[in-house]
>>> print(open('upload.csv').read())   # CSV, C-alpha atoms
chain,number,residue,atom,x,y,z
A,206,MET,CA,36.3,-42.2,-16.7
A,207,HIS,CA,36.1,-38.7,-18.2
A,208,GLU,CA,32.6,-39.6,-19.6
A,209,ILE,CA,31.4,-40.7,-16.1
A,210,SER,CA,32.7,-37.5,-14.5
A,211,THR,CA,30.9,-35.5,-17.2
A,212,TYR,CA,27.4,-36.9,-16.5
A,213,LEU,CA,27.8,-37.9,-12.8
A,214,PRO,CA,26.8,-34.5,-11.3
A,215,GLY,CA,23.5,-34.5,-13.3
A,216,ILE,CA,22.8,-38.1,-12.3
A,217,LEU,CA,23.4,-37.2,-8.6
A,218,LEU,CA,21.2,-34.1,-8.9
A,219,ALA,CA,18.4,-36.2,-10.3
A,220,TYR,CA,18.8,-38.7,-7.4
A,221,SER,CA,18.7,-35.9,-4.9
A,222,ALA,CA,15.6,-34.4,-6.4
A,223,PHE,CA,13.8,-37.7,-6.4
A,224,LEU,CA,15.0,-38.5,-2.8
A,225,LEU,CA,13.8,-35.2,-1.4
A,226,ALA,CA,10.5,-35.4,-3.3
A,227,ILE,CA,9.5,-38.6,-1.5
A,228,ALA,CA,10.9,-37.3,1.8
A,229,SER,CA,7.7,-35.3,2.0
A,230,PRO,CA,4.7,-37.6,2.1
A,231,GLY,CA,2.1,-37.0,-0.5
A,232,PRO,CA,-1.3,-38.7,-0.9
A,233,ASN,CA,0.3,-42.0,-2.1
A,234,ILE,CA,2.7,-42.3,0.8
A,235,LEU,CA,0.1,-41.3,3.3
A,236,ALA,CA,-2.1,-44.1,1.8
A,237,VAL,CA,0.8,-46.5,2.3
A,238,ILE,CA,1.2,-45.4,6.0
A,239,GLY,CA,-2.6,-45.5,6.6
A,240,THR,CA,-2.9,-49.0,5.1
A,241,SER,CA,0.0,-50.3,7.3
A,242,MET,CA,-1.7,-48.7,10.4
A,243,SER,CA,-5.3,-49.7,9.6
A,244,VAL,CA,-4.9,-53.1,7.9
A,245,SER,CA,-1.4,-54.7,8.2
A,246,ARG,CA,2.2,-53.9,7.4
A,247,GLY,CA,2.1,-56.6,4.7
A,248,CYS,CA,-0.7,-54.9,2.9
A,249,GLY,CA,1.1,-51.5,3.3
A,250,VAL,CA,4.3,-53.0,1.8
A,251,ALA,CA,2.3,-54.4,-1.2
A,252,LEU,CA,0.7,-51.0,-1.8
A,253,ALA,CA,4.2,-49.4,-1.5
A,254,LEU,CA,5.6,-51.8,-4.1
A,255,GLY,CA,2.8,-51.0,-6.4
A,256,VAL,CA,3.5,-47.3,-6.1
A,257,ALA,CA,7.2,-47.8,-6.6
A,258,SER,CA,6.5,-49.9,-9.8
A,259,GLY,CA,4.2,-47.1,-11.0
A,260,SER,CA,7.1,-44.6,-10.5
A,261,PHE,CA,9.4,-47.0,-12.5
A,262,THR,CA,6.9,-47.1,-15.3
A,263,TRP,CA,6.6,-43.3,-15.4
A,264,ALA,CA,10.4,-43.1,-15.5
A,265,ILE,CA,10.8,-45.5,-18.4
A,266,LEU,CA,8.0,-43.7,-20.4
A,267,THR,CA,9.6,-40.3,-19.7
A,268,VAL,CA,13.1,-41.5,-20.8
A,269,PHE,CA,11.9,-43.1,-24.0
A,270,GLY,CA,9.5,-40.2,-24.8
A,271,LEU,CA,12.2,-37.6,-24.3
A,272,SER,CA,14.8,-39.7,-26.2
A,273,ALA,CA,12.4,-40.0,-29.2
A,274,LEU,CA,11.6,-36.3,-29.0
A,275,LEU,CA,15.3,-35.3,-28.9
A,276,ALA,CA,16.2,-37.7,-31.7
A,277,THR,CA,13.7,-35.8,-33.9
A,278,TYR,CA,14.1,-32.3,-32.5
A,279,ALA,CA,17.5,-31.8,-30.9
A,280,SER,CA,16.5,-28.2,-29.9
A,281,ALA,CA,13.6,-29.6,-27.8
A,282,LEU,CA,16.0,-30.1,-24.9
A,283,ILE,CA,16.0,-26.3,-24.4
A,284,PHE,CA,12.3,-26.2,-23.9
A,285,ILE,CA,12.4,-29.4,-21.7
A,286,LYS,CA,14.9,-27.8,-19.4
A,287,ILE,CA,12.9,-24.5,-19.3
A,288,PHE,CA,9.8,-26.5,-18.4
A,289,GLY,CA,11.7,-28.6,-15.8
A,290,GLY,CA,13.3,-25.6,-14.2
A,291,LEU,CA,10.0,-23.7,-13.9
A,292,TYR,CA,8.3,-26.8,-12.5
A,293,LEU,CA,11.0,-27.1,-9.9
A,294,LEU,CA,10.6,-23.5,-8.9
A,295,TRP,CA,6.9,-24.1,-8.6
A,296,LEU,CA,7.6,-27.0,-6.2
A,297,ALA,CA,9.9,-24.7,-4.3
A,298,TYR,CA,7.0,-22.2,-3.8
A,299,LYS,CA,4.7,-25.0,-2.7
A,300,SER,CA,7.3,-26.3,-0.2
A,301,PHE,CA,7.8,-22.9,1.3
A,302,LYS,CA,4.1,-22.4,1.5
A,303,SER,CA,3.6,-25.8,3.2
A,304,ALA,CA,6.4,-24.9,5.6
A,305,LEU,CA,4.5,-21.8,6.7
A,306,SER,CA,1.2,-23.6,7.0
A,307,LYS,CA,-0.3,-25.5,9.9
A,308,PRO,CA,0.4,-29.3,10.0
A,309,ASP,CA,-1.9,-31.2,7.6
A,310,ILE,CA,-0.5,-34.8,7.9
A,311,GLU,CA,-3.3,-37.3,8.0
A,312,ALA,CA,-2.7,-40.9,7.0
A,313,LYS,CA,-5.8,-42.7,5.8
A,314,GLU,CA,-6.5,-46.2,4.5
A,315,LEU,CA,-7.5,-46.3,0.8
A,316,ALA,CA,-11.2,-46.3,0.0
A,317,GLY,CA,-12.8,-49.2,-1.6
A,318,GLY,CA,-12.6,-51.9,1.1
A,319,ARG,CA,-10.0,-54.5,2.1
A,320,ARG,CA,-8.1,-56.4,-0.6
A,321,SER,CA,-5.5,-59.2,-1.0
A,322,TRP,CA,-1.8,-58.3,-1.1
A,323,GLY,CA,-2.0,-58.5,-5.0
A,324,GLY,CA,-5.0,-56.2,-4.9
A,325,TYR,CA,-3.1,-53.6,-2.9
A,326,PHE,CA,-0.2,-53.8,-5.2
A,327,GLN,CA,-2.5,-53.3,-8.2
A,328,ARG,CA,-4.2,-50.4,-6.5
A,329,GLY,CA,-0.9,-48.7,-5.7
A,330,TYR,CA,0.3,-49.1,-9.3
A,331,ILE,CA,-3.0,-47.7,-10.8
A,332,VAL,CA,-3.0,-44.8,-8.3
A,333,GLN,CA,0.5,-43.8,-9.3
A,334,MET,CA,0.0,-44.3,-13.0
A,335,THR,CA,-3.2,-42.1,-13.0
A,336,ASN,CA,-1.4,-39.3,-11.1
A,337,PRO,CA,-0.7,-36.5,-13.7
A,338,LYS,CA,1.7,-34.8,-11.3
A,339,ALA,CA,4.0,-37.9,-11.5
A,340,ALA,CA,4.5,-37.3,-15.2
A,341,LEU,CA,5.4,-33.6,-14.6
A,342,ALA,CA,7.8,-34.6,-11.8
A,343,TRP,CA,9.6,-37.2,-13.9
A,344,ILE,CA,10.1,-34.7,-16.8
A,345,ALA,CA,11.8,-32.4,-14.3
A,346,ILE,CA,13.9,-35.2,-12.7
A,347,ILE,CA,15.0,-36.7,-16.0
A,348,SER,CA,15.9,-33.3,-17.4
A,349,LEU,CA,18.2,-32.7,-14.5
A,350,GLY,CA,20.4,-35.7,-15.5
A,351,LEU,CA,19.9,-35.2,-19.3
A,352,LYS,CA,22.5,-33.5,-21.5
A,353,GLN,CA,22.7,-33.1,-25.2
A,354,GLY,CA,24.2,-36.3,-26.7
A,355,ALA,CA,24.1,-38.2,-23.4
A,356,PRO,CA,24.5,-41.9,-23.9
A,357,MET,CA,21.7,-44.3,-23.0
A,358,TRP,CA,23.6,-45.5,-19.8
A,359,VAL,CA,23.0,-42.1,-18.2
A,360,ALA,CA,19.2,-42.5,-18.6
A,361,ALA,CA,19.5,-46.1,-17.4
A,362,ALA,CA,21.4,-45.0,-14.3
A,363,VAL,CA,18.8,-42.4,-13.4
A,364,VAL,CA,15.9,-44.8,-13.9
A,365,LEU,CA,17.4,-47.8,-12.1
A,366,GLY,CA,18.8,-45.8,-9.3
A,367,THR,CA,15.6,-44.0,-8.6
A,368,PHE,CA,13.7,-47.3,-8.8
A,369,ALA,CA,15.9,-48.8,-6.1
A,370,MET,CA,15.4,-45.8,-3.9
A,371,SER,CA,11.7,-45.8,-4.6
A,372,ILE,CA,11.3,-49.4,-3.4
A,373,ALA,CA,13.5,-48.9,-0.3
A,374,ILE,CA,11.9,-45.7,0.8
A,375,HIS,CA,8.3,-46.6,0.1
A,376,VAL,CA,8.7,-49.9,2.0
A,377,LEU,CA,10.5,-48.0,4.8
A,378,TYR,CA,7.4,-45.8,5.2
A,379,ALA,CA,5.2,-48.9,5.3
A,380,LEU,CA,7.3,-50.5,8.0
A,381,ALA,CA,8.7,-47.7,10.1
A,382,PHE,CA,6.1,-44.9,9.8
A,383,SER,CA,3.1,-47.1,10.5
A,384,THR,CA,2.6,-46.0,14.1
A,385,PRO,CA,1.1,-42.9,15.6
A,386,VAL,CA,4.3,-42.1,17.4
A,387,MET,CA,6.3,-41.9,14.2
A,388,MET,CA,3.6,-39.8,12.6
A,389,ARG,CA,3.8,-37.3,15.5
A,390,ILE,CA,7.6,-37.2,15.2
A,391,TYR,CA,7.4,-36.5,11.5
A,392,GLY,CA,4.6,-33.9,12.1
A,393,GLY,CA,7.0,-32.0,14.4
A,394,ALA,CA,9.7,-32.0,11.8
A,395,ARG,CA,7.5,-31.3,8.9
A,396,ARG,CA,8.1,-27.6,8.6
A,397,TYR,CA,11.9,-28.0,8.6
A,398,ILE,CA,11.7,-30.7,6.0
A,399,GLN,CA,9.5,-28.6,3.8
A,400,GLY,CA,11.8,-25.6,4.2
A,401,ILE,CA,14.8,-27.8,3.1
A,402,LEU,CA,12.8,-29.1,0.2
A,403,GLY,CA,12.0,-25.5,-0.9
A,404,VAL,CA,15.7,-24.5,-0.8
A,405,PHE,CA,16.8,-27.5,-2.8
A,406,TYR,CA,14.0,-27.2,-5.4
A,407,ALA,CA,14.8,-23.5,-5.9
A,408,PHE,CA,18.5,-24.3,-6.3
A,409,ALA,CA,17.8,-27.2,-8.7
A,410,GLY,CA,15.3,-25.1,-10.7
A,411,ILE,CA,17.7,-22.1,-11.1
A,412,LYS,CA,20.6,-24.5,-12.0
A,413,LEU,CA,18.5,-26.2,-14.7
A,414,LEU,CA,17.4,-22.9,-16.2
A,415,THR,CA,20.9,-21.5,-16.3
A,416,SER,CA,22.7,-24.7,-17.3
A,417,ARG,CA,24.4,-25.2,-20.6
A,418,LEU,CA,23.2,-28.0,-22.9
>>> encode(input="upload.csv", output="structure tokens")
Amino acid sequence: MHEISTYLPGILLAYSAFLLAIASPGPNILAVIGTSMSVSRGCGVALALGVASGSFTWAILTVFGLSALLATYASALIFIKIFGGLYLLWLAYKSFKSALSKPDIEAKELAGGRRSWGGYFQRGYIVQMTNPKAALAWIAIISLGLKQGAPMWVAAAVVLGTFAMSIAIHVLYALAFSTPVMMRIYGGARRYIQGILGVFYAFAGIKLLTSRL
């Protein structure tokens, strides 16, 4: 029980960072919404599952990569946390900047023509895996829940928990946000959401930079 209480705050912080990150639609999520609106919700769901699977793959690669690095160089965790903290502060800056800008939400169908459900799944997976920002984001997310000497179940909890959230939220976007009405509602709340994201990212970045190993 004591071990769980030691690592639970970091796990929950990693969950919160991931949850808030996908609360603000980026190109991938806008593609999911655009596909649901322009083609069908089934194709939008298939694309969403492909994106979620890509996120899961990035999470696994990040965990094993960082674990191997730390097994060889224990002091590397210091640099990982510094990098993760600075990246979160950069995201905070981007969120505050977006909150002050004019609305720029535009959902579009993916280029390249219509596909089968399997084709949309594959495209979603490839798009996510070729997104360099995903790798940077996962380093920051994993480092939030990572402590020196943390057992493997901590990394597994972060990976499996975020994967479940990724599936649920991406599919929710495909099903619920596939109408112009929902896009207008989100557009009206976009600045508030970005402001909240900025505050959280700033808090998480400072906490990561000042945390003890």
>>> atom_distance(input="upload.csv", atom1="atom CA of A:Ala340", atom2="atom CA of A:Ala226")
13.5 Å
>>> atom_distance(input="upload.csv", atom1="atom CA of A:Leu217", atom2="atom CA of A:Leu254")
23.5 Å
>>> residues_around(input="upload.csv", residues="A:Val364", least_positions_apart="4", cutoff="10 Å", atoms="all atoms listed in the file", output="number ranges by chain")
A: 216, 219-220, 260-265, 267-268, 343, 346-347, 358-360, 368-369
>>> residues_around(input="upload.csv", residues="A:Leu351", least_positions_apart="5", cutoff="12 Å", atoms="only C-alpha atoms", output="PyMOL selection string")
chain A and resi 211-219+267-268+271-272+275+281-283+285-286+289+343-346+356-364+413+416-418
>>> atom_distance(input="upload.csv", atom1="atom CA of A:Ile287", atom2="atom CA of A:Leu266")
19.8 Å
>>> residues_around(input="upload.csv", residues="stretch 248-250 of chain A", least_positions_apart="6", cutoff="7 Å", atoms="all atoms listed in the file", output="MDAnalysis selection string")
chainID A and resid 237:238 240:241 322 325 376 379
>>> closest_residue(input="upload.csv", among="A:Ala373, A:Pro385, A:Leu296, A:Tyr406", to="A:Leu341", atoms="all atoms listed in the file")
A:Leu296
>>> residues_around(input="upload.csv", residues="stretch 304-306 of chain A", least_positions_apart="6", cutoff="6 Å", atoms="only C-alpha atoms", output="ChimeraX atom specification")
/A:396,399-400
>>> closest_residue(input="upload.csv", among="A:Ile227, A:Leu365, A:Ala222, A:Ile401", to="A:Leu377", atoms="only C-alpha atoms")
A:Ile227
>>> build_atoms(input="upload.csv", residues="stretch 338-352 of chain A", atoms="N, CA and C atoms", output="tab-separated table (two decimals), keeping the file's coordinate frame")
chain	number	residue	atom	x	y	z
A	338	LYS	N	0.57	-35.50	-11.83
A	338	LYS	CA	1.70	-34.80	-11.30
A	338	LYS	C	2.99	-35.67	-11.37
A	339	ALA	N	2.80	-37.00	-11.39
A	339	ALA	CA	4.00	-37.90	-11.50
A	339	ALA	C	4.66	-37.68	-12.84
A	340	ALA	N	3.89	-37.50	-13.91
A	340	ALA	CA	4.50	-37.30	-15.20
A	340	ALA	C	5.29	-35.98	-15.23
A	341	LEU	N	4.73	-34.91	-14.66
A	341	LEU	CA	5.40	-33.60	-14.60
A	341	LEU	C	6.71	-33.73	-13.79
A	342	ALA	N	6.62	-34.42	-12.66
A	342	ALA	CA	7.80	-34.60	-11.80
A	342	ALA	C	8.90	-35.34	-12.50
A	343	TRP	N	8.54	-36.38	-13.25
A	343	TRP	CA	9.60	-37.20	-13.90
A	343	TRP	C	10.22	-36.42	-15.06
A	344	ILE	N	9.49	-35.56	-15.73
A	344	ILE	CA	10.10	-34.70	-16.80
A	344	ILE	C	11.19	-33.84	-16.13
A	345	ALA	N	10.86	-33.26	-14.96
A	345	ALA	CA	11.80	-32.40	-14.30
A	345	ALA	C	13.03	-33.22	-13.79
A	346	ILE	N	12.79	-34.40	-13.22
A	346	ILE	CA	13.90	-35.20	-12.70
A	346	ILE	C	14.80	-35.71	-13.80
A	347	ILE	N	14.22	-36.23	-14.88
A	347	ILE	CA	15.00	-36.70	-16.00
A	347	ILE	C	15.82	-35.60	-16.64
A	348	SER	N	15.21	-34.43	-16.76
A	348	SER	CA	15.90	-33.30	-17.40
A	348	SER	C	17.10	-32.83	-16.60
A	349	LEU	N	17.09	-33.08	-15.29
A	349	LEU	CA	18.20	-32.70	-14.50
A	349	LEU	C	19.48	-33.54	-14.84
A	350	GLY	N	19.26	-34.80	-15.21
A	350	GLY	CA	20.40	-35.70	-15.50
A	350	GLY	C	20.66	-35.78	-17.03
A	351	LEU	N	19.85	-35.06	-17.82
A	351	LEU	CA	19.90	-35.20	-19.30
A	351	LEU	C	20.76	-34.07	-19.88
A	352	LYS	N	21.71	-34.43	-20.72
A	352	LYS	CA	22.50	-33.50	-21.50
A	352	LYS	C	22.41	-33.82	-22.96
